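Shown next: entry-v3.cif, containing mmCIF, N, CA and C atoms.
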data_final
loop_
_atom_site.label_atom_id
_atom_site.label_comp_id
_atom_site.auth_asym_id
_atom_site.auth_seq_id
_atom_site.Cartn_x
_atom_site.Cartn_y
_atom_site.Cartn_z
N PRO D 278 -2.19 6.72 41.25
CA PRO D 278 -1.55 6.56 39.96
C PRO D 278 -2.59 6.35 38.86
N ALA D 279 -2.25 6.82 37.68
CA ALA D 279 -3.14 6.68 36.53
C ALA D 279 -3.04 5.28 35.95
N ALA D 280 -4.14 4.78 35.49
CA ALA D 280 -4.16 3.47 34.85
C ALA D 280 -3.95 3.64 33.35
N THR D 281 -3.24 2.73 32.75
CA THR D 281 -3.04 2.76 31.31
C THR D 281 -3.46 1.41 30.73
N ALA D 282 -3.81 1.43 29.48
CA ALA D 282 -4.20 0.20 28.80
C ALA D 282 -3.66 0.22 27.39
N VAL D 283 -3.24 -0.91 26.92
CA VAL D 283 -2.82 -1.05 25.54
C VAL D 283 -3.98 -1.65 24.77
N VAL D 284 -4.37 -0.99 23.71
CA VAL D 284 -5.50 -1.44 22.92
C VAL D 284 -4.99 -1.81 21.54
N SER D 285 -5.27 -3.02 21.12
CA SER D 285 -4.91 -3.46 19.78
C SER D 285 -6.14 -3.38 18.89
N VAL D 286 -6.02 -2.65 17.81
CA VAL D 286 -7.14 -2.48 16.89
C VAL D 286 -6.64 -2.76 15.47
N ILE D 287 -7.38 -3.54 14.75
CA ILE D 287 -7.10 -3.75 13.33
C ILE D 287 -8.16 -2.95 12.57
N VAL D 288 -7.71 -2.11 11.65
CA VAL D 288 -8.61 -1.24 10.91
C VAL D 288 -8.56 -1.60 9.43
N ALA D 289 -9.71 -1.74 8.81
CA ALA D 289 -9.78 -1.99 7.37
C ALA D 289 -9.60 -0.68 6.63
N VAL D 290 -8.64 -0.65 5.71
CA VAL D 290 -8.35 0.54 4.91
C VAL D 290 -8.64 0.23 3.45
N THR D 291 -9.27 1.17 2.76
CA THR D 291 -9.51 1.04 1.33
C THR D 291 -8.97 2.29 0.66
N LEU D 292 -8.06 2.10 -0.28
CA LEU D 292 -7.47 3.21 -1.02
C LEU D 292 -7.77 3.05 -2.51
N PRO D 293 -8.18 4.14 -3.19
CA PRO D 293 -8.39 4.04 -4.64
C PRO D 293 -7.04 3.91 -5.35
N LEU D 294 -7.00 3.12 -6.39
CA LEU D 294 -5.78 3.00 -7.19
C LEU D 294 -5.85 3.99 -8.35
N PRO D 295 -4.73 4.63 -8.67
CA PRO D 295 -4.74 5.59 -9.79
C PRO D 295 -5.12 4.90 -11.10
N ALA D 296 -5.93 5.54 -11.88
CA ALA D 296 -6.36 4.97 -13.16
C ALA D 296 -5.16 4.70 -14.07
N THR D 297 -4.11 5.49 -13.94
CA THR D 297 -2.93 5.30 -14.79
C THR D 297 -2.25 3.96 -14.54
N TRP D 298 -2.47 3.35 -13.38
CA TRP D 298 -1.85 2.04 -13.11
C TRP D 298 -2.36 1.00 -14.09
N THR D 299 -3.60 1.14 -14.55
CA THR D 299 -4.15 0.15 -15.49
C THR D 299 -3.60 0.36 -16.89
N GLU D 300 -2.85 1.44 -17.10
CA GLU D 300 -2.28 1.76 -18.41
C GLU D 300 -0.78 1.49 -18.45
N HIS D 301 -0.24 0.83 -17.44
CA HIS D 301 1.20 0.58 -17.39
C HIS D 301 1.64 -0.11 -18.68
N PRO D 302 2.78 0.30 -19.28
CA PRO D 302 3.22 -0.32 -20.53
C PRO D 302 3.53 -1.81 -20.40
N ASP D 303 3.86 -2.26 -19.21
CA ASP D 303 4.13 -3.68 -18.98
C ASP D 303 2.86 -4.32 -18.40
N PRO D 304 2.13 -5.11 -19.19
CA PRO D 304 0.86 -5.70 -18.70
C PRO D 304 1.03 -6.49 -17.41
N ALA D 305 2.20 -7.07 -17.16
CA ALA D 305 2.42 -7.84 -15.93
C ALA D 305 2.42 -6.96 -14.70
N ARG D 306 2.61 -5.65 -14.86
CA ARG D 306 2.64 -4.74 -13.72
C ARG D 306 1.30 -4.05 -13.48
N ARG D 307 0.30 -4.33 -14.30
CA ARG D 307 -1.02 -3.73 -14.12
C ARG D 307 -1.77 -4.47 -13.02
N PRO D 308 -2.40 -3.73 -12.10
CA PRO D 308 -3.14 -4.40 -11.03
C PRO D 308 -4.43 -5.03 -11.56
N VAL D 309 -4.74 -6.19 -11.03
CA VAL D 309 -5.99 -6.87 -11.37
C VAL D 309 -6.65 -7.32 -10.07
N PRO D 310 -7.98 -7.43 -10.05
CA PRO D 310 -8.64 -7.89 -8.83
C PRO D 310 -8.05 -9.22 -8.35
N GLY D 311 -7.79 -9.28 -7.05
CA GLY D 311 -7.21 -10.46 -6.43
C GLY D 311 -5.70 -10.38 -6.25
N ALA D 312 -5.05 -9.44 -6.95
CA ALA D 312 -3.59 -9.30 -6.83
C ALA D 312 -3.23 -8.73 -5.45
N LYS D 313 -2.13 -9.25 -4.89
CA LYS D 313 -1.62 -8.72 -3.62
C LYS D 313 -0.55 -7.68 -3.91
N ILE D 314 -0.63 -6.54 -3.19
CA ILE D 314 0.36 -5.48 -3.31
C ILE D 314 0.82 -5.12 -1.90
N PRO D 315 2.12 -4.95 -1.68
CA PRO D 315 2.63 -4.65 -0.34
C PRO D 315 2.03 -3.38 0.27
N ALA D 316 1.92 -3.40 1.60
CA ALA D 316 1.47 -2.25 2.39
C ALA D 316 2.70 -1.63 3.06
N TRP D 317 2.77 -0.32 3.04
CA TRP D 317 3.90 0.40 3.64
C TRP D 317 3.35 1.50 4.54
N TYR D 318 4.00 1.73 5.67
CA TYR D 318 3.66 2.88 6.52
C TYR D 318 4.90 3.73 6.71
N PHE D 319 4.69 5.02 6.96
CA PHE D 319 5.82 5.93 7.14
C PHE D 319 6.18 5.99 8.62
N ASP D 320 7.39 5.58 8.94
CA ASP D 320 7.89 5.61 10.31
C ASP D 320 8.51 6.98 10.55
N LEU D 321 7.83 7.80 11.34
CA LEU D 321 8.29 9.17 11.58
C LEU D 321 9.64 9.20 12.28
N ASP D 322 9.87 8.28 13.20
CA ASP D 322 11.15 8.26 13.93
C ASP D 322 12.31 7.89 13.02
N ALA D 323 12.10 6.91 12.16
CA ALA D 323 13.17 6.46 11.26
C ALA D 323 13.25 7.32 9.99
N GLY D 324 12.16 8.02 9.67
CA GLY D 324 12.14 8.85 8.47
C GLY D 324 12.13 8.04 7.18
N THR D 325 11.47 6.88 7.20
CA THR D 325 11.46 6.01 6.03
C THR D 325 10.16 5.20 5.98
N TRP D 326 9.88 4.65 4.79
CA TRP D 326 8.73 3.78 4.62
C TRP D 326 9.11 2.37 5.04
N ILE D 327 8.23 1.71 5.78
CA ILE D 327 8.44 0.36 6.29
C ILE D 327 7.35 -0.56 5.70
N GLU D 328 7.77 -1.65 5.08
CA GLU D 328 6.80 -2.61 4.56
C GLU D 328 6.18 -3.37 5.72
N ASP D 329 4.84 -3.47 5.72
CA ASP D 329 4.14 -4.15 6.82
C ASP D 329 2.90 -4.85 6.27
N GLY D 330 3.08 -6.05 5.75
CA GLY D 330 1.95 -6.81 5.24
C GLY D 330 1.63 -6.47 3.80
N SER D 331 0.40 -6.79 3.42
CA SER D 331 -0.03 -6.53 2.06
C SER D 331 -1.54 -6.35 2.03
N GLY D 332 -2.01 -5.85 0.91
CA GLY D 332 -3.44 -5.69 0.69
C GLY D 332 -3.81 -6.36 -0.63
N VAL D 333 -5.08 -6.36 -0.93
CA VAL D 333 -5.59 -7.04 -2.12
C VAL D 333 -6.33 -6.04 -3.00
N VAL D 334 -6.12 -6.13 -4.30
CA VAL D 334 -6.83 -5.30 -5.26
C VAL D 334 -8.25 -5.85 -5.42
N ALA D 335 -9.22 -4.95 -5.46
CA ALA D 335 -10.63 -5.31 -5.65
C ALA D 335 -11.28 -4.26 -6.53
N THR D 336 -12.51 -4.52 -6.92
CA THR D 336 -13.30 -3.56 -7.68
C THR D 336 -14.40 -3.04 -6.77
N ASN D 337 -14.54 -1.70 -6.69
CA ASN D 337 -15.59 -1.15 -5.83
C ASN D 337 -16.93 -1.10 -6.58
N ASP D 338 -17.96 -0.57 -5.92
CA ASP D 338 -19.30 -0.54 -6.51
C ASP D 338 -19.36 0.28 -7.79
N ALA D 339 -18.44 1.24 -7.95
CA ALA D 339 -18.42 2.08 -9.16
C ALA D 339 -17.60 1.44 -10.28
N GLY D 340 -17.04 0.24 -10.02
CA GLY D 340 -16.25 -0.44 -11.03
C GLY D 340 -14.80 -0.02 -11.09
N LEU D 341 -14.37 0.78 -10.10
CA LEU D 341 -12.99 1.25 -10.06
C LEU D 341 -12.14 0.33 -9.20
N LEU D 342 -10.85 0.27 -9.51
CA LEU D 342 -9.95 -0.57 -8.73
C LEU D 342 -9.58 0.12 -7.41
N VAL D 343 -9.63 -0.65 -6.34
CA VAL D 343 -9.24 -0.18 -5.01
C VAL D 343 -8.32 -1.23 -4.39
N TRP D 344 -7.61 -0.82 -3.37
CA TRP D 344 -6.72 -1.70 -2.62
C TRP D 344 -7.24 -1.73 -1.20
N THR D 345 -7.42 -2.92 -0.65
CA THR D 345 -7.92 -3.05 0.73
C THR D 345 -6.92 -3.83 1.56
N ALA D 346 -6.78 -3.39 2.81
CA ALA D 346 -5.86 -4.07 3.73
C ALA D 346 -6.33 -3.85 5.15
N ASP D 347 -5.99 -4.77 6.02
CA ASP D 347 -6.22 -4.61 7.46
C ASP D 347 -4.91 -4.12 8.04
N VAL D 348 -4.94 -2.93 8.65
CA VAL D 348 -3.71 -2.33 9.18
C VAL D 348 -3.78 -2.28 10.71
N PRO D 349 -2.61 -2.41 11.36
CA PRO D 349 -2.58 -2.52 12.82
C PRO D 349 -2.47 -1.21 13.58
N HIS D 350 -2.32 -0.08 12.87
CA HIS D 350 -2.21 1.20 13.58
C HIS D 350 -2.54 2.35 12.64
N PHE D 351 -2.86 3.50 13.24
CA PHE D 351 -3.20 4.69 12.48
C PHE D 351 -1.93 5.44 12.11
N THR D 352 -1.71 5.66 10.83
CA THR D 352 -0.58 6.42 10.34
C THR D 352 -0.77 6.61 8.84
N TRP D 353 0.23 7.17 8.17
CA TRP D 353 0.19 7.27 6.71
C TRP D 353 0.45 5.90 6.12
N TRP D 354 -0.43 5.44 5.21
CA TRP D 354 -0.26 4.15 4.55
C TRP D 354 -0.10 4.35 3.05
N ASN D 355 0.69 3.48 2.44
CA ASN D 355 0.99 3.56 1.02
C ASN D 355 0.86 2.16 0.43
N VAL D 356 0.32 2.08 -0.77
CA VAL D 356 0.28 0.82 -1.50
C VAL D 356 1.25 0.97 -2.66
N ASP D 357 2.21 0.06 -2.73
CA ASP D 357 3.25 0.23 -3.73
C ASP D 357 4.01 -1.06 -3.96
N SER D 358 4.43 -1.26 -5.18
CA SER D 358 5.33 -2.37 -5.51
C SER D 358 6.65 -1.75 -5.96
N PRO D 359 7.71 -1.99 -5.22
CA PRO D 359 8.99 -1.38 -5.61
C PRO D 359 9.53 -1.97 -6.91
N TYR D 360 10.23 -1.13 -7.64
CA TYR D 360 10.91 -1.57 -8.86
C TYR D 360 12.35 -1.89 -8.49
N TRP D 361 12.67 -3.15 -8.34
CA TRP D 361 14.03 -3.54 -7.99
C TRP D 361 14.90 -3.69 -9.23
N GLU D 362 14.26 -3.89 -10.39
CA GLU D 362 15.04 -4.17 -11.59
C GLU D 362 15.45 -2.91 -12.36
N HIS D 363 15.14 -1.72 -11.86
CA HIS D 363 15.47 -0.47 -12.55
C HIS D 363 16.28 0.43 -11.62
N SER D 364 16.94 1.40 -12.21
CA SER D 364 17.65 2.40 -11.42
C SER D 364 17.41 3.77 -12.04
N CYS D 365 17.82 4.80 -11.33
CA CYS D 365 17.62 6.17 -11.81
C CYS D 365 18.78 6.65 -12.68
N TYR D 366 19.79 5.85 -12.86
CA TYR D 366 20.93 6.27 -13.68
C TYR D 366 21.36 5.18 -14.62
#
Rendering of file as structure tokens:
Amino acid sequence: PAATAVVSVIVAVTLPLPATWTEHPDPARRPVPGAKIPAWYFDLDAGTWIEDGSGVVATNDAGLLVWTADVPHFTWWNVDSPYWEHSCY
């Protein structure tokens, strides 16, 4: 019989933040270094984004804003703060 092993790995992810985020009309929604923003991964089986922890905004060596997080698995990751107070209609 074949042997199997479960390996747990935490991977540090760094994503650049769009420059337009710093131009948001509501200053309270603009990211600043040290701010926490939720981490989301896409669940292929469920067909939806699942919130899983959070990351922190930082400034990289070039002076640009980035988001860093430790993630528990390899998949598509998204940094986003949902707008609960607005609707599309």
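Atom pair CA of Ala305 (chain D) / CA of Val348 (chain D) has a distance of 26.4 Å (rounded to one decimal).
Picture a line from CA of Pro310 (chain D) to CA of Val343 (chain D); it runs 8.6 Å.
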> Can you list, as JSON, numbers by chain, every protein, DNA or RNA residue that comes within 12 Å of Arg306 (chain D) when you count only C-alpha atoms, leaving out same-chain residues fewer than 3 positions away?
Replying inline: {"D": [297, 298, 299, 300, 301, 302, 303, 309, 312, 313, 314, 357, 358, 359, 360]}
> Can you tell me, as a PyMOL selection string, what residues are no more than 5 Å from region 325-336 of chain D when counting only N, CA and C atoms, ignoring any on the same chain fewer than 5 positions away?
Replying inline: chain D and resi 310-320+341-346
> Taking only C-alpha atoms into account, which of D:Asp347, D:Leu292, D:Trp353, D:Arg307 comes nearest Leu321 (chain D)?
Replying inline: D:Trp353
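In this model, the gap between CA of Pro349 (chain D) and atom C of Val288 (chain D) comes to 6.9 Å.
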> DSSP says strand (DSSP E or B) for which residues of chain D? Put them as JSON, numbers by chain?
Replying inline: {"D": [288, 289, 290, 291, 292, 293, 313, 314, 315, 316, 317, 318, 319, 320, 325, 326, 327, 328, 329, 330, 331, 332, 333, 334, 335, 336, 342, 343, 344, 345, 346, 347, 348, 354, 355, 356]}
Mind completing region 331-342 of chain D with all heavy atoms? Output as a compact mmCIF listing (two decimals), in the coordinates of the input, please?
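Output contents, as saved in result22.txt:
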# COMPACT_ATOMS: atom_id res chain seq x y z
N SER D 331 0.40 -6.79 3.42
CA SER D 331 -0.03 -6.53 2.06
C SER D 331 -1.54 -6.35 2.03
O SER D 331 -2.23 -6.65 3.00
CB SER D 331 0.39 -7.67 1.13
OG SER D 331 -0.27 -8.86 1.49
N GLY D 332 -2.01 -5.85 0.91
CA GLY D 332 -3.44 -5.69 0.69
C GLY D 332 -3.81 -6.36 -0.63
O GLY D 332 -2.94 -6.84 -1.36
N VAL D 333 -5.08 -6.36 -0.93
CA VAL D 333 -5.59 -7.04 -2.12
C VAL D 333 -6.33 -6.04 -3.00
O VAL D 333 -7.09 -5.20 -2.51
CB VAL D 333 -6.53 -8.20 -1.73
CG1 VAL D 333 -7.11 -8.87 -2.95
CG2 VAL D 333 -5.79 -9.20 -0.86
N VAL D 334 -6.12 -6.13 -4.30
CA VAL D 334 -6.83 -5.30 -5.26
C VAL D 334 -8.25 -5.85 -5.42
O VAL D 334 -8.45 -7.06 -5.52
CB VAL D 334 -6.10 -5.29 -6.63
CG1 VAL D 334 -6.89 -4.49 -7.67
CG2 VAL D 334 -4.69 -4.73 -6.47
N ALA D 335 -9.22 -4.95 -5.46
CA ALA D 335 -10.63 -5.31 -5.65
C ALA D 335 -11.28 -4.26 -6.53
O ALA D 335 -10.68 -3.24 -6.85
CB ALA D 335 -11.34 -5.40 -4.30
N THR D 336 -12.51 -4.52 -6.92
CA THR D 336 -13.30 -3.56 -7.68
C THR D 336 -14.40 -3.04 -6.77
O THR D 336 -15.10 -3.83 -6.14
CB THR D 336 -13.92 -4.23 -8.93
OG1 THR D 336 -12.87 -4.84 -9.69
CG2 THR D 336 -14.64 -3.22 -9.79
N ASN D 337 -14.54 -1.70 -6.69
CA ASN D 337 -15.59 -1.15 -5.83
C ASN D 337 -16.93 -1.10 -6.58
O ASN D 337 -17.02 -1.54 -7.73
CB ASN D 337 -15.18 0.22 -5.28
CG ASN D 337 -15.11 1.31 -6.33
OD1 ASN D 337 -15.51 1.13 -7.47
ND2 ASN D 337 -14.57 2.45 -5.95
N ASP D 338 -17.96 -0.57 -5.92
CA ASP D 338 -19.30 -0.54 -6.51
C ASP D 338 -19.36 0.28 -7.79
O ASP D 338 -20.24 0.06 -8.63
CB ASP D 338 -20.32 0.03 -5.50
CG ASP D 338 -20.53 -0.91 -4.32
OD1 ASP D 338 -20.24 -2.12 -4.46
OD2 ASP D 338 -20.97 -0.43 -3.26
N ALA D 339 -18.44 1.24 -7.95
CA ALA D 339 -18.42 2.08 -9.16
C ALA D 339 -17.60 1.44 -10.28
O ALA D 339 -17.45 2.01 -11.35
CB ALA D 339 -17.85 3.45 -8.82
N GLY D 340 -17.04 0.24 -10.02
CA GLY D 340 -16.25 -0.44 -11.03
C GLY D 340 -14.80 -0.02 -11.09
O GLY D 340 -14.07 -0.39 -12.00
N LEU D 341 -14.37 0.78 -10.10
CA LEU D 341 -12.99 1.25 -10.06
C LEU D 341 -12.14 0.33 -9.20
O LEU D 341 -12.63 -0.30 -8.26
CB LEU D 341 -12.94 2.68 -9.51
CG LEU D 341 -13.77 3.70 -10.27
CD1 LEU D 341 -13.77 5.04 -9.54
CD2 LEU D 341 -13.24 3.86 -11.69
N LEU D 342 -10.85 0.27 -9.51
CA LEU D 342 -9.95 -0.57 -8.73
C LEU D 342 -9.58 0.12 -7.41
O LEU D 342 -9.29 1.31 -7.38
CB LEU D 342 -8.66 -0.86 -9.51
CG LEU D 342 -8.81 -1.78 -10.72
CD1 LEU D 342 -7.46 -1.97 -11.41
CD2 LEU D 342 -9.39 -3.12 -10.33
